[in-house]
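J.: Input file: structure25.cif. Contents: mmCIF, C-alpha atoms and all ligand atoms.
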data_coords
#
loop_
_atom_site.group_PDB
_atom_site.id
_atom_site.type_symbol
_atom_site.label_atom_id
_atom_site.label_comp_id
_atom_site.auth_asym_id
_atom_site.auth_seq_id
_atom_site.Cartn_x
_atom_site.Cartn_y
_atom_site.Cartn_z
ATOM 1 C CA MET S 1 1.646 -21.016 -13.129
ATOM 2 C CA ASN S 2 -0.868 -18.401 -14.209
ATOM 3 C CA LYS S 3 0.507 -15.177 -12.789
ATOM 4 C CA ILE S 4 -1.615 -12.247 -11.608
ATOM 5 C CA ASN S 5 -0.899 -8.979 -13.441
ATOM 6 C CA VAL S 6 -0.293 -6.386 -10.755
ATOM 7 C CA ILE S 7 0.270 -2.633 -10.674
ATOM 8 C CA LEU S 8 1.542 -1.463 -7.294
ATOM 9 C CA ASP S 9 0.511 2.113 -6.513
ATOM 10 C CA CYS S 10 2.477 3.342 -3.497
ATOM 11 C CA ASP S 11 3.951 6.264 -1.526
ATOM 12 C CA PRO S 12 7.177 4.933 0.024
ATOM 13 C CA GLY S 13 7.205 5.077 2.994
ATOM 14 C CA HIS S 14 8.868 2.417 5.194
ATOM 15 C CA ASP S 15 6.042 -0.095 4.934
ATOM 16 C CA ASP S 16 5.511 0.644 1.212
ATOM 17 C CA ALA S 17 9.169 -0.319 0.692
ATOM 18 C CA MET S 18 8.338 -3.753 2.105
ATOM 19 C CA ALA S 19 5.347 -4.039 -0.240
ATOM 20 C CA ILE S 20 7.720 -3.363 -3.162
ATOM 21 C CA LEU S 21 10.103 -5.991 -1.792
ATOM 22 C CA LEU S 22 7.319 -8.592 -1.634
ATOM 23 C CA ALA S 23 5.964 -7.647 -5.069
ATOM 24 C CA GLY S 24 9.425 -8.168 -6.573
ATOM 25 C CA TYR S 25 9.635 -11.609 -5.022
ATOM 26 C CA ALA S 26 6.051 -12.912 -5.329
ATOM 27 C CA PRO S 27 6.224 -16.081 -7.451
ATOM 28 C CA ASN S 28 2.604 -15.696 -8.624
ATOM 29 C CA ILE S 29 2.787 -11.978 -9.529
ATOM 30 C CA ASN S 30 3.651 -10.399 -12.854
ATOM 31 C CA LEU S 31 4.569 -6.883 -11.762
ATOM 32 C CA LEU S 32 3.496 -4.613 -14.631
ATOM 33 C CA GLY S 33 4.748 -1.492 -12.957
ATOM 34 C CA ILE S 34 5.042 0.658 -9.883
ATOM 35 C CA THR S 35 3.056 3.878 -9.838
ATOM 36 C CA VAL S 36 3.800 6.478 -7.236
ATOM 37 C CA ILE S 37 1.657 8.940 -5.364
ATOM 38 C CA ALA S 38 2.366 11.677 -2.838
ATOM 39 C CA GLY S 39 1.435 10.673 0.686
ATOM 40 C CA ASN S 40 4.060 9.782 3.222
ATOM 41 C CA GLN S 41 6.158 12.475 1.566
ATOM 42 C CA THR S 42 5.937 14.772 -1.445
ATOM 43 C CA ILE S 43 5.763 13.162 -4.878
ATOM 44 C CA ARG S 44 9.379 14.021 -5.699
ATOM 45 C CA LYS S 45 10.536 12.111 -2.618
ATOM 46 C CA THR S 46 8.145 9.138 -2.856
ATOM 47 C CA ALA S 47 9.100 8.669 -6.526
ATOM 48 C CA LEU S 48 12.797 8.702 -5.683
ATOM 49 C CA ASN S 49 12.212 6.274 -2.821
ATOM 50 C CA ALA S 50 10.264 3.828 -4.995
ATOM 51 C CA ALA S 51 12.982 3.964 -7.649
ATOM 52 C CA ASN S 52 15.736 3.523 -5.056
ATOM 53 C CA VAL S 53 14.097 0.473 -3.486
ATOM 54 C CA ALA S 54 13.467 -1.100 -6.885
ATOM 55 C CA SER S 55 17.050 -0.457 -8.040
ATOM 56 C CA PHE S 56 18.532 -1.682 -4.780
ATOM 57 C CA LEU S 57 16.616 -4.954 -5.056
ATOM 58 C CA ASN S 58 17.097 -5.246 -8.863
ATOM 59 C CA ILE S 59 13.363 -5.129 -9.453
ATOM 60 C CA ASN S 60 12.979 -4.315 -13.118
ATOM 61 C CA ALA S 61 9.536 -2.753 -13.215
ATOM 62 C CA PRO S 62 8.593 0.490 -14.979
ATOM 63 C CA ILE S 63 8.005 3.362 -12.557
ATOM 64 C CA ALA S 64 5.451 6.081 -13.318
ATOM 65 C CA ILE S 65 5.136 9.249 -11.284
ATOM 66 C CA GLY S 66 1.700 10.340 -10.145
ATOM 67 C CA GLU S 67 -0.145 13.231 -8.590
ATOM 68 C CA LYS S 68 1.354 15.671 -6.156
ATOM 69 C CA ASN S 69 -2.036 16.739 -4.784
ATOM 70 C CA PRO S 70 -5.313 15.052 -3.841
ATOM 71 C CA LEU S 71 -8.480 15.586 -5.916
ATOM 72 C CA VAL S 72 -10.256 18.037 -3.611
ATOM 73 C CA ARG S 73 -8.676 18.533 -0.207
ATOM 74 C CA ASP S 74 -5.319 20.060 0.707
ATOM 75 C CA ARG S 75 -2.291 17.800 0.713
ATOM 76 C CA ILE S 76 -1.087 16.122 3.909
ATOM 77 C CA ILE S 77 2.181 14.238 4.410
ATOM 78 C CA CYS S 78 3.455 11.965 7.185
ATOM 79 C CA GLU S 79 6.939 13.244 7.996
ATOM 80 C CA GLU S 80 6.647 12.396 11.700
ATOM 81 C CA ILE S 81 6.605 8.667 10.867
ATOM 82 C CA HIS S 82 8.607 8.394 7.649
ATOM 83 C CA GLY S 83 11.046 11.246 8.149
ATOM 84 C CA GLU S 84 12.358 14.002 5.960
ATOM 85 C CA SER S 85 13.237 11.711 3.050
ATOM 86 C CA GLY S 86 10.107 9.589 3.449
ATOM 87 C CA LEU S 87 12.433 6.625 3.969
ATOM 88 C CA ASP S 88 14.718 7.729 6.779
ATOM 89 C CA GLY S 89 17.121 5.119 8.129
ATOM 90 C CA PHE S 90 18.664 3.680 4.993
ATOM 91 C CA ILE S 91 21.127 5.291 2.606
ATOM 92 C CA PHE S 92 20.832 3.969 -0.940
ATOM 93 C CA PRO S 93 23.668 3.996 -3.478
ATOM 94 C CA LYS S 94 23.345 6.752 -6.113
ATOM 95 C CA TYR S 95 21.450 5.506 -9.167
ATOM 96 C CA GLU S 96 20.454 7.031 -12.517
ATOM 97 C CA HIS S 97 16.701 6.533 -12.507
ATOM 98 C CA HIS S 98 14.493 6.205 -15.522
ATOM 99 C CA TYR S 99 10.819 7.080 -15.043
ATOM 100 C CA GLU S 100 8.006 6.475 -17.531
ATOM 101 C CA LYS S 101 7.097 9.439 -19.733
ATOM 102 C CA GLU S 102 3.403 9.209 -19.006
ATOM 103 C CA LYS S 103 1.888 10.067 -15.637
ATOM 104 C CA ALA S 104 0.836 7.301 -13.273
ATOM 105 C CA TYR S 105 -2.888 7.513 -14.031
ATOM 106 C CA GLN S 106 -2.168 7.221 -17.784
ATOM 107 C CA PHE S 107 0.195 4.302 -17.145
ATOM 108 C CA ILE S 108 -2.622 2.564 -15.235
ATOM 109 C CA ILE S 109 -5.020 3.180 -18.130
ATOM 110 C CA ASN S 110 -2.570 1.885 -20.739
ATOM 111 C CA GLU S 111 -1.718 -1.267 -18.807
ATOM 112 C CA CYS S 112 -5.353 -2.048 -18.034
ATOM 113 C CA LEU S 113 -6.333 -1.695 -21.695
ATOM 114 C CA LYS S 114 -3.338 -3.788 -22.785
ATOM 115 C CA HIS S 115 -4.229 -6.724 -20.543
ATOM 116 C CA ASP S 116 -7.385 -8.690 -20.094
ATOM 117 C CA LYS S 117 -7.229 -8.410 -16.296
ATOM 118 C CA VAL S 118 -5.109 -6.321 -13.948
ATOM 119 C CA THR S 119 -5.095 -6.273 -10.161
ATOM 120 C CA ILE S 120 -4.295 -2.870 -8.716
ATOM 121 C CA VAL S 121 -2.675 -2.885 -5.303
ATOM 122 C CA ALA S 122 -2.751 0.447 -3.502
ATOM 123 C CA THR S 123 -0.645 1.236 -0.463
ATOM 124 C CA GLY S 124 -1.052 5.008 -0.533
ATOM 125 C CA PRO S 125 -3.738 7.619 -1.172
ATOM 126 C CA LEU S 126 -6.040 6.546 -4.008
ATOM 127 C CA THR S 127 -5.716 9.632 -6.243
ATOM 128 C CA ASN S 128 -3.921 8.044 -9.239
ATOM 129 C CA ILE S 129 -6.405 5.184 -9.369
ATOM 130 C CA ALA S 130 -9.476 7.423 -9.079
ATOM 131 C CA LEU S 131 -8.140 9.647 -11.856
ATOM 132 C CA ALA S 132 -7.576 6.646 -14.101
ATOM 133 C CA ILE S 133 -11.134 5.400 -13.507
ATOM 134 C CA LYS S 134 -12.590 8.833 -14.225
ATOM 135 C CA ALA S 135 -10.429 9.581 -17.262
ATOM 136 C CA GLU S 136 -11.035 6.202 -18.923
ATOM 137 C CA PRO S 137 -14.008 4.206 -17.599
ATOM 138 C CA GLU S 138 -13.274 1.564 -20.246
ATOM 139 C CA ILE S 139 -10.605 0.226 -17.904
ATOM 140 C CA ILE S 140 -13.250 -0.862 -15.384
ATOM 141 C CA PRO S 141 -13.935 -4.316 -16.885
ATOM 142 C CA HIS S 142 -10.177 -4.881 -17.073
ATOM 143 C CA ILE S 143 -9.677 -4.325 -13.369
ATOM 144 C CA GLU S 144 -9.756 -7.704 -11.699
ATOM 145 C CA GLU S 145 -9.700 -6.111 -8.262
ATOM 146 C CA ILE S 146 -8.385 -3.158 -6.289
ATOM 147 C CA VAL S 147 -6.667 -4.352 -3.121
ATOM 148 C CA PHE S 148 -5.986 -1.403 -0.866
ATOM 149 C CA MET S 149 -4.347 -0.812 2.476
ATOM 150 C CA GLY S 150 -6.535 1.821 4.020
ATOM 151 C CA GLY S 151 -9.413 2.540 6.316
ATOM 152 C CA SER S 152 -10.343 0.810 9.508
ATOM 153 C CA LEU S 153 -13.153 -1.229 10.999
ATOM 154 C CA THR S 154 -12.419 0.575 14.243
ATOM 155 C CA ASN S 155 -10.607 3.843 14.963
ATOM 156 C CA GLY S 156 -8.226 5.838 12.829
ATOM 157 C CA ASN S 157 -4.559 6.773 13.003
ATOM 158 C CA ILE S 158 -4.643 10.352 11.711
ATOM 159 C CA SER S 159 -7.947 11.422 13.273
ATOM 160 C CA PRO S 160 -10.253 9.597 15.688
ATOM 161 C CA ALA S 161 -12.156 8.218 12.711
ATOM 162 C CA ALA S 162 -9.846 8.152 9.713
ATOM 163 C CA GLU S 163 -6.872 6.189 8.500
ATOM 164 C CA PHE S 164 -4.058 8.110 6.777
ATOM 165 C CA ASN S 165 -4.314 6.825 3.173
ATOM 166 C CA ILE S 166 -8.054 7.467 3.048
ATOM 167 C CA LEU S 167 -7.909 10.858 4.759
ATOM 168 C CA CYS S 168 -5.216 11.987 2.309
ATOM 169 C CA ASP S 169 -7.819 11.784 -0.453
ATOM 170 C CA PRO S 170 -11.311 10.735 0.686
ATOM 171 C CA GLU S 171 -12.930 11.766 -2.598
ATOM 172 C CA ALA S 172 -10.587 9.437 -4.497
ATOM 173 C CA ALA S 173 -11.435 6.570 -2.131
ATOM 174 C CA HIS S 174 -15.121 7.263 -2.763
ATOM 175 C CA ILE S 175 -14.569 6.897 -6.525
ATOM 176 C CA VAL S 176 -12.711 3.610 -6.059
ATOM 177 C CA LEU S 177 -15.576 2.196 -3.990
ATOM 178 C CA THR S 178 -18.493 3.376 -6.107
ATOM 179 C CA ASN S 179 -17.749 2.274 -9.653
ATOM 180 C CA GLY S 180 -18.729 -1.380 -9.508
ATOM 181 C CA ILE S 181 -15.128 -2.557 -9.207
ATOM 182 C CA LYS S 182 -14.248 -5.500 -6.941
ATOM 183 C CA THR S 183 -12.397 -4.058 -3.943
ATOM 184 C CA ARG S 184 -10.561 -5.602 -1.020
ATOM 185 C CA MET S 185 -9.870 -3.501 2.057
ATOM 186 C CA ILE S 186 -7.012 -4.189 4.433
ATOM 187 C CA GLY S 187 -7.499 -1.719 7.217
ATOM 188 C CA LEU S 188 -5.876 -0.826 10.506
ATOM 189 C CA ASN S 189 -7.932 -3.508 12.287
ATOM 190 C CA ILE S 190 -5.689 -6.008 10.454
ATOM 191 C CA THR S 191 -2.374 -4.212 10.151
ATOM 192 C CA ARG S 192 -2.243 -3.202 13.812
ATOM 193 C CA GLN S 193 -1.725 -6.913 14.508
ATOM 194 C CA VAL S 194 1.378 -7.047 12.287
ATOM 195 C CA LEU S 195 3.888 -5.602 14.728
ATOM 196 C CA VAL S 196 7.605 -5.228 14.103
ATOM 197 C CA THR S 197 8.733 -6.535 17.492
ATOM 198 C CA PRO S 198 12.405 -6.949 18.473
ATOM 199 C CA GLN S 199 11.930 -10.697 17.812
ATOM 200 C CA VAL S 200 10.819 -9.971 14.242
ATOM 201 C CA ILE S 201 13.797 -7.690 13.661
ATOM 202 C CA GLU S 202 16.175 -10.321 15.062
ATOM 203 C CA ARG S 203 14.624 -13.039 12.868
ATOM 204 C CA MET S 204 14.945 -10.995 9.663
ATOM 205 C CA GLU S 205 18.406 -9.671 10.563
ATOM 206 C CA LYS S 206 19.677 -13.276 10.729
ATOM 207 C CA ILE S 207 18.970 -13.706 7.008
ATOM 208 C CA ASN S 208 21.951 -11.453 6.511
ATOM 209 C CA ASN S 209 21.545 -10.269 2.929
ATOM 210 C CA LYS S 210 21.005 -6.810 1.417
ATOM 211 C CA ALA S 211 17.216 -7.011 1.791
ATOM 212 C CA SER S 212 17.472 -7.898 5.471
ATOM 213 C CA ASP S 213 19.936 -5.061 5.945
ATOM 214 C CA MET S 214 17.447 -2.630 4.385
ATOM 215 C CA PHE S 215 14.605 -4.090 6.449
ATOM 216 C CA THR S 216 16.361 -3.822 9.805
ATOM 217 C CA LYS S 217 17.733 -0.320 9.240
ATOM 218 C CA LEU S 218 14.384 1.017 8.030
ATOM 219 C CA MET S 219 12.445 -0.700 10.801
ATOM 220 C CA GLU S 220 14.632 0.739 13.541
ATOM 221 C CA VAL S 221 13.676 4.273 12.473
ATOM 222 C CA PHE S 222 10.062 3.284 11.762
ATOM 223 C CA ASN S 223 9.726 1.851 15.275
ATOM 224 C CA ALA S 224 11.402 4.852 16.894
ATOM 225 C CA ASN S 225 9.117 7.311 15.076
ATOM 226 C CA GLN S 226 5.969 5.322 15.842
ATOM 227 C CA ASN S 227 7.091 5.287 19.460
ATOM 228 C CA LYS S 228 7.495 9.081 19.513
ATOM 229 C CA THR S 229 4.143 9.648 17.805
ATOM 230 C CA PHE S 230 1.890 6.944 19.247
ATOM 231 C CA GLY S 231 3.844 5.731 22.288
ATOM 232 C CA ILE S 232 3.956 2.164 20.947
ATOM 233 C CA GLU S 233 7.002 -0.114 21.109
ATOM 234 C CA ALA S 234 6.497 -2.020 17.863
ATOM 235 C CA ALA S 235 5.258 -0.457 14.630
ATOM 236 C CA PRO S 236 2.419 -1.907 12.562
ATOM 237 C CA LEU S 237 3.770 -2.968 9.172
ATOM 238 C CA HIS S 238 0.685 -2.046 7.160
ATOM 239 C CA ASP S 239 1.416 -2.107 3.449
ATOM 240 C CA PRO S 240 3.038 -5.476 2.609
ATOM 241 C CA VAL S 241 -0.084 -7.278 3.852
ATOM 242 C CA THR S 242 -1.675 -6.310 0.506
ATOM 243 C CA ILE S 243 0.866 -8.264 -1.516
ATOM 244 C CA ALA S 244 1.141 -11.070 1.036
ATOM 245 C CA CYS S 245 -2.585 -11.770 0.746
ATOM 246 C CA LEU S 246 -2.198 -12.179 -3.016
ATOM 247 C CA ILE S 247 0.710 -14.567 -2.485
ATOM 248 C CA ASP S 248 -1.360 -16.647 -0.065
ATOM 249 C CA GLU S 249 -5.137 -16.310 -0.285
ATOM 250 C CA SER S 250 -5.535 -18.034 3.087
ATOM 251 C CA LEU S 251 -3.643 -15.288 4.950
ATOM 252 C CA LEU S 252 -6.739 -13.217 5.709
ATOM 253 C CA THR S 253 -10.380 -13.897 6.424
ATOM 254 C CA TYR S 254 -12.970 -11.565 4.989
ATOM 255 C CA GLN S 255 -16.507 -10.349 5.205
ATOM 256 C CA ASP S 256 -18.306 -8.758 2.263
ATOM 257 C CA MET S 257 -19.998 -5.523 3.243
ATOM 258 C CA ASN S 258 -20.917 -2.041 2.174
ATOM 259 C CA VAL S 259 -18.186 0.502 2.798
ATOM 260 C CA GLU S 260 -18.868 4.189 2.407
ATOM 261 C CA ILE S 261 -16.403 7.030 2.782
ATOM 262 C CA ASP S 262 -17.376 9.953 4.988
ATOM 263 C CA LEU S 263 -17.118 12.989 2.724
ATOM 264 C CA SER S 264 -18.675 15.424 5.192
ATOM 265 C CA HIS S 265 -15.479 17.421 5.799
ATOM 266 C CA GLY S 266 -16.449 17.204 9.493
ATOM 267 C CA PRO S 267 -14.687 15.379 12.335
ATOM 268 C CA SER S 268 -15.221 11.969 10.686
ATOM 269 C CA TYR S 269 -14.037 13.079 7.231
ATOM 270 C CA GLY S 270 -12.281 10.138 5.582
ATOM 271 C CA ARG S 271 -13.772 7.478 7.811
ATOM 272 C CA THR S 272 -14.513 4.122 6.161
ATOM 273 C CA ASN S 273 -18.071 3.466 7.296
ATOM 274 C CA CYS S 274 -18.123 -0.324 7.298
ATOM 275 C CA ASP S 275 -21.638 -1.715 7.541
ATOM 276 C CA VAL S 276 -20.753 -4.967 9.321
ATOM 277 C CA PHE S 277 -24.365 -5.695 10.283
ATOM 278 C CA SER S 278 -25.882 -4.433 7.019
ATOM 279 C CA TYR S 279 -27.980 -1.790 8.768
ATOM 280 C CA LEU S 280 -28.253 0.249 5.582
ATOM 281 C CA LYS S 281 -29.367 -2.672 3.415
ATOM 282 C CA LYS S 282 -26.956 -1.525 0.735
ATOM 283 C CA GLU S 283 -25.190 -3.881 -1.609
ATOM 284 C CA ALA S 284 -21.758 -5.062 -0.472
ATOM 285 C CA ASN S 285 -19.077 -3.211 -2.447
ATOM 286 C CA CYS S 286 -16.015 -4.415 -0.591
ATOM 287 C CA ARG S 287 -14.369 -7.558 0.725
ATOM 288 C CA VAL S 288 -13.146 -6.364 4.085
ATOM 289 C CA ALA S 289 -10.367 -8.239 5.866
ATOM 290 C CA ILE S 290 -11.475 -9.115 9.388
ATOM 291 C CA ASP S 291 -8.700 -11.424 10.586
ATOM 292 C CA ILE S 292 -5.097 -12.353 9.814
ATOM 293 C CA ASP S 293 -2.798 -15.274 10.489
ATOM 294 C CA VAL S 294 0.125 -13.140 11.680
ATOM 295 C CA ASN S 295 2.637 -16.011 11.852
ATOM 296 C CA LYS S 296 1.876 -16.827 8.233
ATOM 297 C CA PHE S 297 2.557 -13.202 7.296
ATOM 298 C CA TRP S 298 6.028 -13.228 8.869
ATOM 299 C CA ASP S 299 6.800 -16.531 7.121
ATOM 300 C CA ILE S 300 5.915 -14.909 3.795
ATOM 301 C CA LEU S 301 8.030 -11.843 4.514
ATOM 302 C CA GLU S 302 10.951 -13.982 5.603
ATOM 303 C CA LYS S 303 10.785 -15.911 2.318
ATOM 304 C CA GLY S 304 10.569 -12.628 0.441
ATOM 305 C CA ILE S 305 13.664 -11.247 2.148
ATOM 306 C CA LYS S 306 15.589 -14.508 1.605
ATOM 307 C CA TYR S 307 14.820 -14.333 -2.121
ATOM 308 C CA TYR S 308 17.173 -11.378 -2.519
ATOM 309 C CA GLY S 309 20.357 -13.398 -2.067
HETATM 310 C C1 LIG Y 401 -0.743 3.904 5.893
HETATM 311 O O1 LIG Y 401 -0.280 5.248 6.011
HETATM 312 C C2 LIG Y 401 1.039 5.358 5.602
HETATM 313 O O2 LIG Y 401 1.763 6.199 6.448
HETATM 314 C C3 LIG Y 401 1.599 3.969 5.547
HETATM 315 O O3 LIG Y 401 2.570 3.854 4.525
HETATM 316 C C4 LIG Y 401 0.387 3.116 5.259
HETATM 317 O O4 LIG Y 401 0.161 2.996 3.877
HETATM 318 C C5 LIG Y 401 -1.162 3.414 7.261
HETATM 319 O O5 LIG Y 401 -2.188 4.211 7.751
HETATM 320 CA CA CA Y 402 1.816 3.675 2.283
#
Would you encode the structure as structure tokens?
T.:
Amino acid sequence: MNKINVILDCDPGHDDAMAILLAGYAPNINLLGITVIAGNQTIRKTALNAANVASFLNINAPIAIGEKNPLVRDRIICEEIHGESGLDGFIFPKYEHHYEKEKAYQFIINECLKHDKVTIVATGPLTNIALAIKAEPEIIPHIEEIVFMGGSLTNGNISPAAEFNILCDPEAAHIVLTNGIKTRMIGLNITRQVLVTPQVIERMEKINNKASDMFTKLMEVFNANQNKTFGIEAAPLHDPVTIACLIDESLLTYQDMNVEIDLSHGPSYGRTNCDVFSYLKKEANCRVAIDIDVNKFWDILEKGIKYYG
């Protein structure tokens, strides 16, 4: 099988942890590395979380630490959902972690130049990726695609208009979308359908291995925090949809369209302006996911969890 070269850029994060889990399992993915960005928590914490998840699951991918701040705006974190550690709910064994010497953006550059084609999957703010594009535009032809969890065809989750990953660094998202790179957006309109219901928890718990133990313990806290913040009973499991759609291309349906980031610093700052009806007559720059087969997603996650023993 011809595997897809993938760099996973993430900010774990409960749902990012599940994206790492799926990336470690995916039979058609060659995981070149995990790059980390600040987002759900500070960079020190998200880096430790990424390394802990990878060690716990014996995923042997290099880990490179990225930026602690966005390009222009002030930093925001998401402690109310992901807790003080960024991954509240599960206690990992103590590991000695080894991180790459180079920063995440440099790691992305090196890997892209080393390989003919690389797919970058982003489940956090897009700062590392934007920096890599700006610092070394020669990587652009090597980027097969940037698949990102972020944005929304409808309303936001951190402001009326904006989704968290995009609002964390709207200027970076703008760079990702305006450099002629193939992009695929998986926004809240999709991930709000992927709900961690009690039935889902029960189904995964039954697998009864270390990955299912991590899943259930993390999801209990994730659900409780989403309930406190948004008043919902079951949390949307955003990030692993990015990897799942690479495992099975039929998981999502898409529409090509022009997507522009609101950089106005006003009330809609960070909004993904998705031109569904092509009002602006601008060229499509993004393949936007518009529907998901949710049952298929849970089947993929179940297989992924079972893979770990
Ligand atoms: C995104 O924000 C983060 O809190 C999650 O990890 C996900 O990547 C959802 O808006
Ligand atoms: Ca994330």
J.: Write as a JSON list (two decimals) with C-alpha atoms, in the coordinates of the input the residues around ligand CA 402 (chain Y), taking 8 Å as the cut-off and counting all atoms listed in the file.
T.:
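Generated file (selection-v3.json):
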[["chain", "number", "residue", "atom", "x", "y", "z"],
["S", 10, "CYS", "CA", 2.48, 3.34, -3.50],
["S", 11, "ASP", "CA", 3.95, 6.26, -1.53],
["S", 12, "PRO", "CA", 7.18, 4.93, 0.02],
["S", 13, "GLY", "CA", 7.20, 5.08, 2.99],
["S", 14, "HIS", "CA", 8.87, 2.42, 5.19],
["S", 15, "ASP", "CA", 6.04, -0.10, 4.93],
["S", 16, "ASP", "CA", 5.51, 0.64, 1.21],
["S", 39, "GLY", "CA", 1.44, 10.67, 0.69],
["S", 40, "ASN", "CA", 4.06, 9.78, 3.22],
["S", 123, "THR", "CA", -0.64, 1.24, -0.46],
["S", 124, "GLY", "CA", -1.05, 5.01, -0.53],
["S", 125, "PRO", "CA", -3.74, 7.62, -1.17],
["S", 149, "MET", "CA", -4.35, -0.81, 2.48],
["S", 165, "ASN", "CA", -4.31, 6.82, 3.17],
["S", 238, "HIS", "CA", 0.68, -2.05, 7.16],
["S", 239, "ASP", "CA", 1.42, -2.11, 3.45]]
J.: Take atom CA of Gln255 of chain S and atom CA of Ile133 of chain S and report the distance between them in Å, one decimal.
T.: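 Between atom CA of Gln255 of chain S and atom CA of Ile133 of chain S the gap is 25.0 Å.
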J.: Please evaluate the PyMOL selection byres (((chain S and resi 251) around 12) and not hetatm) against the displayed coordinates and give the resulting residues as a ChimeraX atom specification.
T.: /S:186,190,241-250,252-254,289-300
J.: Filtering to C-alpha atoms, could you give me those residues as a tab-separated table (two decimals), keeping the file's coordinate frame?
T.:
chain	number	residue	atom	x	y	z
S	186	ILE	CA	-7.01	-4.19	4.43
S	190	ILE	CA	-5.69	-6.01	10.45
S	241	VAL	CA	-0.08	-7.28	3.85
S	242	THR	CA	-1.68	-6.31	0.51
S	243	ILE	CA	0.87	-8.26	-1.52
S	244	ALA	CA	1.14	-11.07	1.04
S	245	CYS	CA	-2.58	-11.77	0.75
S	246	LEU	CA	-2.20	-12.18	-3.02
S	247	ILE	CA	0.71	-14.57	-2.48
S	248	ASP	CA	-1.36	-16.65	-0.06
S	249	GLU	CA	-5.14	-16.31	-0.28
S	250	SER	CA	-5.54	-18.03	3.09
S	252	LEU	CA	-6.74	-13.22	5.71
S	253	THR	CA	-10.38	-13.90	6.42
S	254	TYR	CA	-12.97	-11.56	4.99
S	289	ALA	CA	-10.37	-8.24	5.87
S	290	ILE	CA	-11.48	-9.12	9.39
S	291	ASP	CA	-8.70	-11.42	10.59
S	292	ILE	CA	-5.10	-12.35	9.81
S	293	ASP	CA	-2.80	-15.27	10.49
S	294	VAL	CA	0.12	-13.14	11.68
S	295	ASN	CA	2.64	-16.01	11.85
S	296	LYS	CA	1.88	-16.83	8.23
S	297	PHE	CA	2.56	-13.20	7.30
S	298	TRP	CA	6.03	-13.23	8.87
S	299	ASP	CA	6.80	-16.53	7.12
S	300	ILE	CA	5.92	-14.91	3.80
J.: Using only C-alpha atoms, which protein or nucleic acid residues come within 10 Å of Pro27 of chain S? Drop anything in the same chain fewer than 5 positions from it, and give the result as a ChimeraX atom specification.
T.: /S:1,3-4,22,247,304
J.: Have a look at S:Ile20, S:Leu237, S:Ala47, S:Ala61 and name the one nearest to ligand LIG 401 (chain Y); count all atoms listed in the file.
T.: S:Leu237
J.: On this file, the PyMOL selection byres (((chain S and resi 195) around 6) and not hetatm) gives some set of residues; write that set as a PyMOL selection string.
T.: chain S and resi 193-194+196-197+234-236
J.: Counting only C-alpha atoms, what is within 9 Å of segment 52-58 of chain S, bar same-chain residues fewer than 4 positions away, as number ranges by chain?
T.: S: 12, 17, 20-21, 24, 47-48, 92-95, 97, 210-211, 308
J.: Taking the file above as input, evaluate the PyMOL selection byres (((chain S and resi 143) around 12) and not hetatm) and report the hits as an mmCIF file with C-alpha atoms, keeping the file's coordinate frame.
T.:
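Output contents, as saved in selection_14.cif:
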data_model
loop_
_atom_site.group_PDB
_atom_site.id
_atom_site.type_symbol
_atom_site.label_atom_id
_atom_site.label_comp_id
_atom_site.auth_asym_id
_atom_site.auth_seq_id
_atom_site.Cartn_x
_atom_site.Cartn_y
_atom_site.Cartn_z
ATOM 1 C CA ILE S 4 -1.615 -12.247 -11.608
ATOM 2 C CA ASN S 5 -0.899 -8.979 -13.441
ATOM 3 C CA VAL S 6 -0.293 -6.386 -10.755
ATOM 4 C CA ILE S 7 0.270 -2.633 -10.674
ATOM 5 C CA ILE S 108 -2.622 2.564 -15.235
ATOM 6 C CA ILE S 109 -5.020 3.180 -18.130
ATOM 7 C CA ASN S 110 -2.570 1.885 -20.739
ATOM 8 C CA GLU S 111 -1.718 -1.267 -18.807
ATOM 9 C CA CYS S 112 -5.353 -2.048 -18.034
ATOM 10 C CA LEU S 113 -6.333 -1.695 -21.695
ATOM 11 C CA LYS S 114 -3.338 -3.788 -22.785
ATOM 12 C CA HIS S 115 -4.229 -6.724 -20.543
ATOM 13 C CA ASP S 116 -7.385 -8.690 -20.094
ATOM 14 C CA LYS S 117 -7.229 -8.410 -16.296
ATOM 15 C CA VAL S 118 -5.109 -6.321 -13.948
ATOM 16 C CA THR S 119 -5.095 -6.273 -10.161
ATOM 17 C CA ILE S 120 -4.295 -2.870 -8.716
ATOM 18 C CA VAL S 121 -2.675 -2.885 -5.303
ATOM 19 C CA ILE S 129 -6.405 5.184 -9.369
ATOM 20 C CA ALA S 132 -7.576 6.646 -14.101
ATOM 21 C CA ILE S 133 -11.134 5.400 -13.507
ATOM 22 C CA GLU S 136 -11.035 6.202 -18.923
ATOM 23 C CA PRO S 137 -14.008 4.206 -17.599
ATOM 24 C CA GLU S 138 -13.274 1.564 -20.246
ATOM 25 C CA ILE S 139 -10.605 0.226 -17.904
ATOM 26 C CA ILE S 140 -13.250 -0.862 -15.384
ATOM 27 C CA PRO S 141 -13.935 -4.316 -16.885
ATOM 28 C CA HIS S 142 -10.177 -4.881 -17.073
ATOM 29 C CA GLU S 144 -9.756 -7.704 -11.699
ATOM 30 C CA GLU S 145 -9.700 -6.111 -8.262
ATOM 31 C CA ILE S 146 -8.385 -3.158 -6.289
ATOM 32 C CA VAL S 147 -6.667 -4.352 -3.121
ATOM 33 C CA VAL S 176 -12.711 3.610 -6.059
ATOM 34 C CA ASN S 179 -17.749 2.274 -9.653
ATOM 35 C CA GLY S 180 -18.729 -1.380 -9.508
ATOM 36 C CA ILE S 181 -15.128 -2.557 -9.207
ATOM 37 C CA LYS S 182 -14.248 -5.500 -6.941
ATOM 38 C CA THR S 183 -12.397 -4.058 -3.943
#
J.: How far is it from atom CA of Tyr279 of chain S to atom CA of Leu153 of chain S, in Å with one decimal?
T.: 15.0 Å
